[in-house]
>>> print(open('run.txt').read())   # compact mmCIF, C-alpha atoms
# COMPACT_ATOMS: atom_id res chain seq x y z
CA MET A 1 147.44 46.83 68.32
CA SER A 2 148.31 45.05 71.56
CA ILE A 3 151.74 45.26 73.10
CA ALA A 4 153.91 42.22 73.82
CA ASN A 5 157.44 42.08 75.18
CA LEU A 6 160.35 40.45 73.43
CA PHE A 7 162.20 39.73 76.66
CA ALA A 8 159.25 38.14 78.46
CA GLY A 9 159.04 34.38 78.86
CA ILE A 10 162.69 33.61 78.22
CA PRO A 11 163.23 30.04 79.42
CA ASP A 12 166.18 29.41 81.69
CA ALA A 13 167.84 26.61 79.71
CA PRO A 14 165.53 25.27 77.01
CA PRO A 15 166.35 21.74 75.83
CA VAL A 16 165.78 22.81 72.24
CA GLU A 17 165.80 26.24 70.64
CA LEU A 18 162.60 28.15 71.30
CA VAL A 19 161.10 29.82 68.23
CA THR A 20 158.21 32.24 68.74
CA SER A 21 156.40 33.91 65.85
CA LEU A 22 155.92 37.63 66.51
CA LEU A 23 154.45 38.65 63.18
CA GLU A 24 153.18 36.71 60.20
CA ALA A 25 152.30 38.45 56.93
CA PRO A 26 152.37 37.29 53.31
CA ASN A 27 155.85 38.64 52.61
CA VAL A 28 157.41 38.77 56.05
CA ARG A 29 157.67 36.67 59.17
CA ILE A 30 159.30 37.97 62.34
CA GLU A 31 160.48 35.45 64.91
CA ARG A 32 162.16 35.51 68.26
CA ILE A 33 164.61 32.65 68.68
CA VAL A 34 166.09 31.73 72.06
CA SER A 35 169.22 29.57 71.92
CA HIS A 36 171.26 28.42 74.88
CA GLY A 37 174.39 26.65 73.75
CA HIS A 38 172.59 25.22 70.75
CA ALA A 39 174.27 24.74 67.40
CA SER A 40 173.25 23.28 64.07
CA PRO A 41 173.71 19.50 63.92
CA PRO A 42 177.00 18.31 62.41
CA GLY A 43 176.89 18.57 58.63
CA PHE A 44 173.60 20.45 58.62
CA TRP A 45 173.22 23.55 56.45
CA TYR A 46 170.30 25.92 56.34
CA ASP A 47 169.21 26.49 52.73
CA GLN A 48 166.20 28.78 52.91
CA PRO A 49 163.92 29.95 50.10
CA ARG A 50 163.55 33.40 51.66
CA SER A 51 166.13 35.95 52.67
CA GLU A 52 166.64 36.53 56.36
CA TRP A 53 167.84 39.44 58.47
CA VAL A 54 169.02 38.47 61.93
CA LEU A 55 169.80 40.61 64.95
CA VAL A 56 171.35 39.29 68.16
CA LEU A 57 169.84 41.02 71.21
CA SER A 58 171.63 39.15 73.95
CA GLY A 59 174.27 36.46 74.20
CA SER A 60 176.46 35.60 71.25
CA ALA A 61 176.55 33.25 68.29
CA ALA A 62 178.72 32.19 65.38
CA VAL A 63 177.29 31.78 61.89
CA LEU A 64 179.33 29.94 59.27
CA PHE A 65 178.63 30.46 55.59
CA GLU A 66 179.44 27.58 53.27
CA GLY A 67 182.81 28.06 51.62
CA GLU A 68 184.14 30.43 54.27
CA ALA A 69 187.03 29.47 56.51
CA ALA A 70 185.72 30.97 59.73
CA PRO A 71 182.34 31.83 61.17
CA ARG A 72 181.04 35.36 61.73
CA VAL A 73 180.67 36.03 65.43
CA LEU A 74 177.60 38.02 66.42
CA ARG A 75 177.25 39.80 69.74
CA ARG A 76 174.59 42.07 71.23
CA GLY A 77 173.33 44.46 68.59
CA ASP A 78 175.06 42.78 65.67
CA HIS A 79 172.93 42.17 62.61
CA LEU A 80 173.50 40.30 59.39
CA ARG A 81 171.63 39.66 56.17
CA ILE A 82 171.50 36.12 54.84
CA GLY A 83 170.38 35.88 51.23
CA ALA A 84 167.95 33.24 50.02
CA HIS A 85 169.76 29.94 49.48
CA GLU A 86 172.97 31.18 51.06
CA ARG A 87 173.90 28.01 52.86
CA HIS A 88 174.88 28.63 56.45
CA ARG A 89 174.89 27.00 59.85
CA VAL A 90 175.10 28.05 63.47
CA GLU A 91 178.46 26.85 64.76
CA TRP A 92 177.80 27.78 68.38
CA THR A 93 175.77 29.96 70.68
CA ASP A 94 176.72 31.18 74.15
CA PRO A 95 176.62 28.17 76.52
CA HIS A 96 176.35 30.37 79.62
CA GLY A 97 173.04 32.10 79.00
CA PRO A 98 170.31 32.78 76.48
CA THR A 99 171.12 34.10 73.05
CA ILE A 100 168.09 36.03 71.85
CA TRP A 101 167.77 36.49 68.11
CA LEU A 102 165.30 38.54 66.16
CA ALA A 103 164.87 36.99 62.70
CA VAL A 104 163.03 38.70 59.85
CA HIS A 105 162.31 36.34 56.94
CA TYR A 106 161.20 38.15 53.82
CA HIS A 107 160.59 37.89 50.11
CA MET B 1 176.98 39.35 54.53
CA SER B 2 178.79 41.98 56.58
CA ILE B 3 177.97 42.57 60.22
CA ALA B 4 176.86 45.95 61.58
CA ASN B 5 175.81 46.87 65.10
CA LEU B 6 172.47 48.37 66.00
CA PHE B 7 173.84 50.08 69.09
CA ALA B 8 176.82 51.71 67.38
CA GLY B 9 176.79 55.39 66.51
CA ILE B 10 173.99 56.42 68.84
CA PRO B 11 174.17 60.22 69.03
CA ASP B 12 174.11 61.78 72.48
CA ALA B 13 171.21 64.17 71.98
CA PRO B 14 170.29 64.48 68.31
CA PRO B 15 168.41 67.69 67.42
CA VAL B 16 166.05 65.69 65.24
CA GLU B 17 165.22 61.99 65.21
CA LEU B 18 167.91 59.93 63.52
CA VAL B 19 166.58 57.37 61.05
CA THR B 20 169.02 54.80 59.64
CA SER B 21 168.02 52.26 57.02
CA LEU B 22 169.31 48.79 57.93
CA LEU B 23 167.67 46.78 55.16
CA GLU B 24 165.83 47.74 52.00
CA ALA B 25 164.00 45.14 49.93
CA PRO B 26 160.94 45.36 47.66
CA ASN B 27 158.48 44.34 50.37
CA VAL B 28 160.27 45.25 53.55
CA ARG B 29 162.32 48.08 54.99
CA ILE B 30 164.02 47.85 58.36
CA GLU B 31 165.03 51.05 60.11
CA ARG B 32 166.68 52.06 63.32
CA ILE B 33 165.19 55.21 64.78
CA VAL B 34 166.86 57.12 67.60
CA SER B 35 164.61 59.55 69.47
CA HIS B 36 165.57 61.67 72.46
CA GLY B 37 162.58 63.48 73.86
CA HIS B 38 161.10 63.87 70.40
CA ALA B 39 157.38 63.70 69.73
CA SER B 40 155.18 64.14 66.69
CA PRO B 41 154.32 67.80 66.05
CA PRO B 42 150.99 68.99 67.51
CA GLY B 43 148.11 67.78 65.36
CA PHE B 44 150.31 65.54 63.23
CA TRP B 45 149.21 61.97 62.49
CA TYR B 46 151.18 59.31 60.71
CA ASP B 47 149.05 57.71 57.97
CA GLN B 48 151.27 55.18 56.26
CA PRO B 49 150.56 53.07 53.18
CA ARG B 50 152.45 50.10 54.62
CA SER B 51 152.04 48.22 57.86
CA GLU B 52 154.73 48.66 60.47
CA TRP B 53 156.04 46.55 63.33
CA VAL B 54 157.94 48.50 65.95
CA LEU B 55 160.13 47.30 68.79
CA VAL B 56 161.59 49.56 71.48
CA LEU B 57 165.11 48.46 72.41
CA SER B 58 165.98 51.18 74.89
CA GLY B 59 164.26 54.16 76.45
CA SER B 60 160.51 54.52 76.33
CA ALA B 61 157.82 56.05 74.16
CA ALA B 62 154.08 56.61 73.98
CA VAL B 63 152.12 55.96 70.79
CA LEU B 64 148.60 57.33 70.49
CA PHE B 65 146.16 55.82 68.00
CA GLU B 66 143.48 58.11 66.62
CA GLY B 67 140.23 57.68 68.49
CA GLU B 68 141.82 56.24 71.61
CA ALA B 69 141.75 58.08 74.92
CA ALA B 70 145.26 57.27 76.07
CA PRO B 71 148.54 56.36 74.39
CA ARG B 72 150.21 52.95 74.58
CA VAL B 73 153.44 53.20 76.51
CA LEU B 74 156.31 51.13 75.13
CA ARG B 75 159.37 50.21 77.17
CA ARG B 76 162.43 48.07 76.44
CA GLY B 77 161.39 44.95 74.57
CA ASP B 78 157.82 46.05 73.88
CA HIS B 79 156.62 45.60 70.34
CA LEU B 80 153.50 46.67 68.53
CA ARG B 81 151.99 46.24 65.08
CA ILE B 82 150.56 49.30 63.35
CA GLY B 83 148.34 48.48 60.40
CA ALA B 84 148.50 50.40 57.15
CA HIS B 85 146.57 53.65 57.45
CA GLU B 86 146.06 53.28 61.18
CA ARG B 87 146.53 56.89 62.13
CA HIS B 88 148.86 57.31 65.05
CA ARG B 89 151.34 59.72 66.57
CA VAL B 90 154.21 59.65 69.02
CA GLU B 91 153.07 61.55 72.10
CA TRP B 92 156.43 61.49 73.83
CA THR B 93 159.76 59.70 74.06
CA ASP B 94 162.07 59.52 77.06
CA PRO B 95 163.63 62.99 77.54
CA HIS B 96 166.52 61.63 79.61
CA GLY B 97 168.23 59.39 77.07
CA PRO B 98 167.96 57.76 73.69
CA THR B 99 164.94 55.73 72.73
CA ILE B 100 166.05 53.20 70.15
CA TRP B 101 163.34 51.76 67.92
CA LEU B 102 163.53 49.02 65.38
CA ALA B 103 160.85 49.57 62.73
CA VAL B 104 159.91 46.99 60.10
CA HIS B 105 157.75 48.43 57.33
CA TYR B 106 156.18 45.77 55.15
CA HIS B 107 153.57 45.03 52.53
>>> encode(input="run.txt", output="structure tokens")
Amino acid sequence: MSIANLFAGIPDAPPVELVTSLLEAPNVRIERIVSHGHASPPGFWYDQPRSEWVLVLSGSAAVLFEGEAAPRVLRRGDHLRIGAHERHRVEWTDPHGPTIWLAVHYH
Amino acid sequence: MSIANLFAGIPDAPPVELVTSLLEAPNVRIERIVSHGHASPPGFWYDQPRSEWVLVLSGSAAVLFEGEAAPRVLRRGDHLRIGAHERHRVEWTDPHGPTIWLAVHYH
């Protein structure tokens, strides 16, 4: 029952994406992800066994789903559900500051 | 796979708390709750069968757990886990503007 803050400890320009687990339970994991100009490697696709709900809380990002012509651009407050095994990649995140994601992975 | 925005459609001063379901799955429900000076009724305690993770995204709120002397005050970015059947109540929310909560209920 202790309080933590989602916006605390945001690194200025992390060399790699920073993933912090906020909650871990059998059927759900909640993570904070801090990106800063990061993108998925060329040719890489996420293919996850669990569904994911993502919310962008600062910055911006573009998520491309396999088979789609253009990525979905997410800005502050935008949220999106990604079904299990829906192949997707992060095309870009804001190069000028942190993009803070909240990701809820669930069965 | 459609995008929605968490900060869209925030009412100015809703007469009652506004609860909007953002995701519904067998083991998880994600809600946006907009409070504006609301509090739990006198003597009322939440006693929920599922655990809950709450995040305050704007405004402020105070959550009192049964048996504790003082409430926990949550401000922007603060998050807190409430276990199943941990009796609690909302003592107050910011009277001057919306308090936006993200609540993840999970098994």
>>> interface_residues(input="run.txt", of="chain B", to="chain A", cutoff="9 Å", atoms="only C-alpha atoms", output="NGL selection string")
:B and (1-8 or 22-23 or 25-28 or 53 or 55 or 57 or 72-83 or 104 or 106-107)
>>> write_last_selection(input="run.txt", atoms="C-alpha atoms", output="PDB file, in the frame of the given file")
ATOM      1  CA  MET B   1     176.980  39.350  54.530  1.00  0.00           C
ATOM      2  CA  SER B   2     178.790  41.980  56.580  1.00  0.00           C
ATOM      3  CA  ILE B   3     177.970  42.570  60.220  1.00  0.00           C
ATOM      4  CA  ALA B   4     176.860  45.950  61.580  1.00  0.00           C
ATOM      5  CA  ASN B   5     175.810  46.870  65.100  1.00  0.00           C
ATOM      6  CA  LEU B   6     172.470  48.370  66.000  1.00  0.00           C
ATOM      7  CA  PHE B   7     173.840  50.080  69.090  1.00  0.00           C
ATOM      8  CA  ALA B   8     176.820  51.710  67.380  1.00  0.00           C
ATOM      9  CA  LEU B  22     169.310  48.790  57.930  1.00  0.00           C
ATOM     10  CA  LEU B  23     167.670  46.780  55.160  1.00  0.00           C
ATOM     11  CA  ALA B  25     164.000  45.140  49.930  1.00  0.00           C
ATOM     12  CA  PRO B  26     160.940  45.360  47.660  1.00  0.00           C
ATOM     13  CA  ASN B  27     158.480  44.340  50.370  1.00  0.00           C
ATOM     14  CA  VAL B  28     160.270  45.250  53.550  1.00  0.00           C
ATOM     15  CA  TRP B  53     156.040  46.550  63.330  1.00  0.00           C
ATOM     16  CA  LEU B  55     160.130  47.300  68.790  1.00  0.00           C
ATOM     17  CA  LEU B  57     165.110  48.460  72.410  1.00  0.00           C
ATOM     18  CA  ARG B  72     150.210  52.950  74.580  1.00  0.00           C
ATOM     19  CA  VAL B  73     153.440  53.200  76.510  1.00  0.00           C
ATOM     20  CA  LEU B  74     156.310  51.130  75.130  1.00  0.00           C
ATOM     21  CA  ARG B  75     159.370  50.210  77.170  1.00  0.00           C
ATOM     22  CA  ARG B  76     162.430  48.070  76.440  1.00  0.00           C
ATOM     23  CA  GLY B  77     161.390  44.950  74.570  1.00  0.00           C
ATOM     24  CA  ASP B  78     157.820  46.050  73.880  1.00  0.00           C
ATOM     25  CA  HIS B  79     156.620  45.600  70.340  1.00  0.00           C
ATOM     26  CA  LEU B  80     153.500  46.670  68.530  1.00  0.00           C
ATOM     27  CA  ARG B  81     151.990  46.240  65.080  1.00  0.00           C
ATOM     28  CA  ILE B  82     150.560  49.300  63.350  1.00  0.00           C
ATOM     29  CA  GLY B  83     148.340  48.480  60.400  1.00  0.00           C
ATOM     30  CA  VAL B 104     159.910  46.990  60.100  1.00  0.00           C
ATOM     31  CA  TYR B 106     156.180  45.770  55.150  1.00  0.00           C
ATOM     32  CA  HIS B 107     153.570  45.030  52.530  1.00  0.00           C
TER      33      HIS B 107
END
>>> residues_near_point(input="run.txt", point="(180.9, 29.8, 55.3)", cutoff="12 Å", atoms="all atoms listed in the file", output="list of chain:residue names")
A:Trp45, A:Tyr46, A:Ala62, A:Val63, A:Leu64, A:Phe65, A:Glu66, A:Gly67, A:Glu68, A:Ala69, A:Ala70, A:Pro71, A:Arg72, A:Val73, A:Ile82, A:Glu86, A:Arg87, A:His88, A:Arg89, A:Val90, A:Glu91, B:Met1
>>> atom_distance(input="run.txt", atom1="atom CA of Thr99 of chain A", atom2="atom CA of Arg29 of chain A")
19.5 Å
>>> residues_around(input="run.txt", residues="Ile10 of chain B", least_positions_apart="3", cutoff="10 Å", atoms="all atoms listed in the file", output="PyMOL selection string")
chain B and resi 6-7+13-14+18+33-35+98-100
>>> atom_distance(input="run.txt", atom1="atom CA of Gly43 of chain A", atom2="atom CA of Thr20 of chain A")
25.3 Å
>>> atom_distance(input="run.txt", atom1="atom CA of Thr93 of chain B", atom2="atom CA of Val16 of chain B")
12.4 Å
>>> residues_near_point(input="run.txt", point="(172.2, 28.1, 69.2)", cutoff="7 Å", atoms="all atoms listed in the file", output="list in words")
Glu17, Ser35, His36, Gly37, His38, Ala39, Ala61, Val90, Trp92 and Thr93 of chain A
>>> closest_residue(input="run.txt", among="B:Pro11, B:Glu52, B:Ala84, B:Asp94", to="Glu31 of chain B", atoms="only C-alpha atoms")
B:Glu52
>>> closest_residue(input="run.txt", among="B:Arg32, B:His85, B:Ser40, B:Gly59", to="Gly97 of chain B", atoms="all atoms listed in the file")
B:Gly59
>>> decode(input="run.txt", residues="segment 65-90 of chain B", atoms="N, CA and C atoms", output="PDB file, in the first residue's frame")
ATOM      1  N   PHE B  65      -7.323   3.966   4.235  1.00  0.00           N
ATOM      2  CA  PHE B  65      -7.489   2.533   4.462  1.00  0.00           C
ATOM      3  C   PHE B  65      -8.042   2.318   5.864  1.00  0.00           C
ATOM      4  N   GLU B  66      -8.957   1.378   5.981  1.00  0.00           N
ATOM      5  CA  GLU B  66      -9.560   1.094   7.289  1.00  0.00           C
ATOM      6  C   GLU B  66      -8.474   0.746   8.307  1.00  0.00           C
ATOM      7  N   GLY B  67      -8.562   1.340   9.466  1.00  0.00           N
ATOM      8  CA  GLY B  67      -7.606   1.049  10.523  1.00  0.00           C
ATOM      9  C   GLY B  67      -6.404   1.981  10.529  1.00  0.00           C
ATOM     10  N   GLU B  68      -6.291   2.820   9.512  1.00  0.00           N
ATOM     11  CA  GLU B  68      -5.173   3.758   9.482  1.00  0.00           C
ATOM     12  C   GLU B  68      -5.638   5.125   9.979  1.00  0.00           C
ATOM     13  N   ALA B  69      -4.718   5.864  10.583  1.00  0.00           N
ATOM     14  CA  ALA B  69      -5.092   7.133  11.209  1.00  0.00           C
ATOM     15  C   ALA B  69      -5.299   8.237  10.175  1.00  0.00           C
ATOM     16  N   ALA B  70      -4.511   8.185   9.109  1.00  0.00           N
ATOM     17  CA  ALA B  70      -4.554   9.293   8.154  1.00  0.00           C
ATOM     18  C   ALA B  70      -4.597   8.742   6.730  1.00  0.00           C
ATOM     19  N   PRO B  71      -5.235   9.483   5.835  1.00  0.00           N
ATOM     20  CA  PRO B  71      -5.289   9.009   4.441  1.00  0.00           C
ATOM     21  C   PRO B  71      -3.951   9.188   3.726  1.00  0.00           C
ATOM     22  N   ARG B  72      -3.795   8.430   2.644  1.00  0.00           N
ATOM     23  CA  ARG B  72      -2.660   8.614   1.731  1.00  0.00           C
ATOM     24  C   ARG B  72      -3.084   9.641   0.698  1.00  0.00           C
ATOM     25  N   VAL B  73      -2.271  10.650   0.529  1.00  0.00           N
ATOM     26  CA  VAL B  73      -2.579  11.692  -0.454  1.00  0.00           C
ATOM     27  C   VAL B  73      -1.854  11.371  -1.762  1.00  0.00           C
ATOM     28  N   LEU B  74      -2.620  11.354  -2.824  1.00  0.00           N
ATOM     29  CA  LEU B  74      -2.101  11.039  -4.160  1.00  0.00           C
ATOM     30  C   LEU B  74      -2.144  12.289  -5.019  1.00  0.00           C
ATOM     31  N   ARG B  75      -1.012  12.575  -5.656  1.00  0.00           N
ATOM     32  CA  ARG B  75      -0.949  13.694  -6.598  1.00  0.00           C
ATOM     33  C   ARG B  75      -0.530  13.152  -7.968  1.00  0.00           C
ATOM     34  N   ARG B  76      -0.399  14.046  -8.931  1.00  0.00           N
ATOM     35  CA  ARG B  76      -0.125  13.634 -10.314  1.00  0.00           C
ATOM     36  C   ARG B  76       1.040  12.639 -10.378  1.00  0.00           C
ATOM     37  N   GLY B  77       0.774  11.502 -10.961  1.00  0.00           N
ATOM     38  CA  GLY B  77       1.806  10.484 -11.139  1.00  0.00           C
ATOM     39  C   GLY B  77       1.851   9.458 -10.035  1.00  0.00           C
ATOM     40  N   ASP B  78       1.220   9.743  -8.898  1.00  0.00           N
ATOM     41  CA  ASP B  78       1.267   8.782  -7.792  1.00  0.00           C
ATOM     42  C   ASP B  78       0.402   7.569  -8.097  1.00  0.00           C
ATOM     43  N   HIS B  79       0.930   6.407  -7.757  1.00  0.00           N
ATOM     44  CA  HIS B  79       0.150   5.183  -7.943  1.00  0.00           C
ATOM     45  C   HIS B  79       0.238   4.324  -6.699  1.00  0.00           C
ATOM     46  N   LEU B  80      -0.775   3.485  -6.559  1.00  0.00           N
ATOM     47  CA  LEU B  80      -1.003   2.745  -5.320  1.00  0.00           C
ATOM     48  C   LEU B  80      -1.723   1.457  -5.669  1.00  0.00           C
ATOM     49  N   ARG B  81      -1.331   0.373  -5.001  1.00  0.00           N
ATOM     50  CA  ARG B  81      -2.026  -0.901  -5.158  1.00  0.00           C
ATOM     51  C   ARG B  81      -2.975  -1.091  -3.974  1.00  0.00           C
ATOM     52  N   ILE B  82      -4.176  -1.511  -4.279  1.00  0.00           N
ATOM     53  CA  ILE B  82      -5.174  -1.799  -3.244  1.00  0.00           C
ATOM     54  C   ILE B  82      -5.540  -3.269  -3.380  1.00  0.00           C
ATOM     55  N   GLY B  83      -5.210  -4.054  -2.382  1.00  0.00           N
ATOM     56  CA  GLY B  83      -5.483  -5.487  -2.463  1.00  0.00           C
ATOM     57  C   GLY B  83      -6.970  -5.775  -2.408  1.00  0.00           C
ATOM     58  N   ALA B  84      -7.341  -6.942  -2.918  1.00  0.00           N
ATOM     59  CA  ALA B  84      -8.738  -7.367  -2.817  1.00  0.00           C
ATOM     60  C   ALA B  84      -9.168  -7.330  -1.350  1.00  0.00           C
ATOM     61  N   HIS B  85     -10.344  -6.824  -1.124  1.00  0.00           N
ATOM     62  CA  HIS B  85     -10.943  -6.749   0.212  1.00  0.00           C
ATOM     63  C   HIS B  85     -10.174  -5.875   1.202  1.00  0.00           C
ATOM     64  N   GLU B  86      -9.267  -5.075   0.721  1.00  0.00           N
ATOM     65  CA  GLU B  86      -8.681  -4.055   1.601  1.00  0.00           C
ATOM     66  C   GLU B  86      -9.651  -2.871   1.637  1.00  0.00           C
ATOM     67  N   ARG B  87     -10.310  -2.742   2.767  1.00  0.00           N
ATOM     68  CA  ARG B  87     -11.365  -1.727   2.840  1.00  0.00           C
ATOM     69  C   ARG B  87     -10.753  -0.331   2.833  1.00  0.00           C
ATOM     70  N   HIS B  88     -11.317   0.498   1.988  1.00  0.00           N
ATOM     71  CA  HIS B  88     -10.765   1.844   1.809  1.00  0.00           C
ATOM     72  C   HIS B  88     -11.874   2.785   1.350  1.00  0.00           C
ATOM     73  N   ARG B  89     -11.613   4.073   1.466  1.00  0.00           N
ATOM     74  CA  ARG B  89     -12.563   5.061   0.999  1.00  0.00           C
ATOM     75  C   ARG B  89     -11.804   6.284   0.478  1.00  0.00           C
ATOM     76  N   VAL B  90     -12.479   7.047  -0.340  1.00  0.00           N
ATOM     77  CA  VAL B  90     -11.886   8.284  -0.831  1.00  0.00           C
ATOM     78  C   VAL B  90     -12.344   9.401   0.092  1.00  0.00           C
TER      79      VAL B  90
END
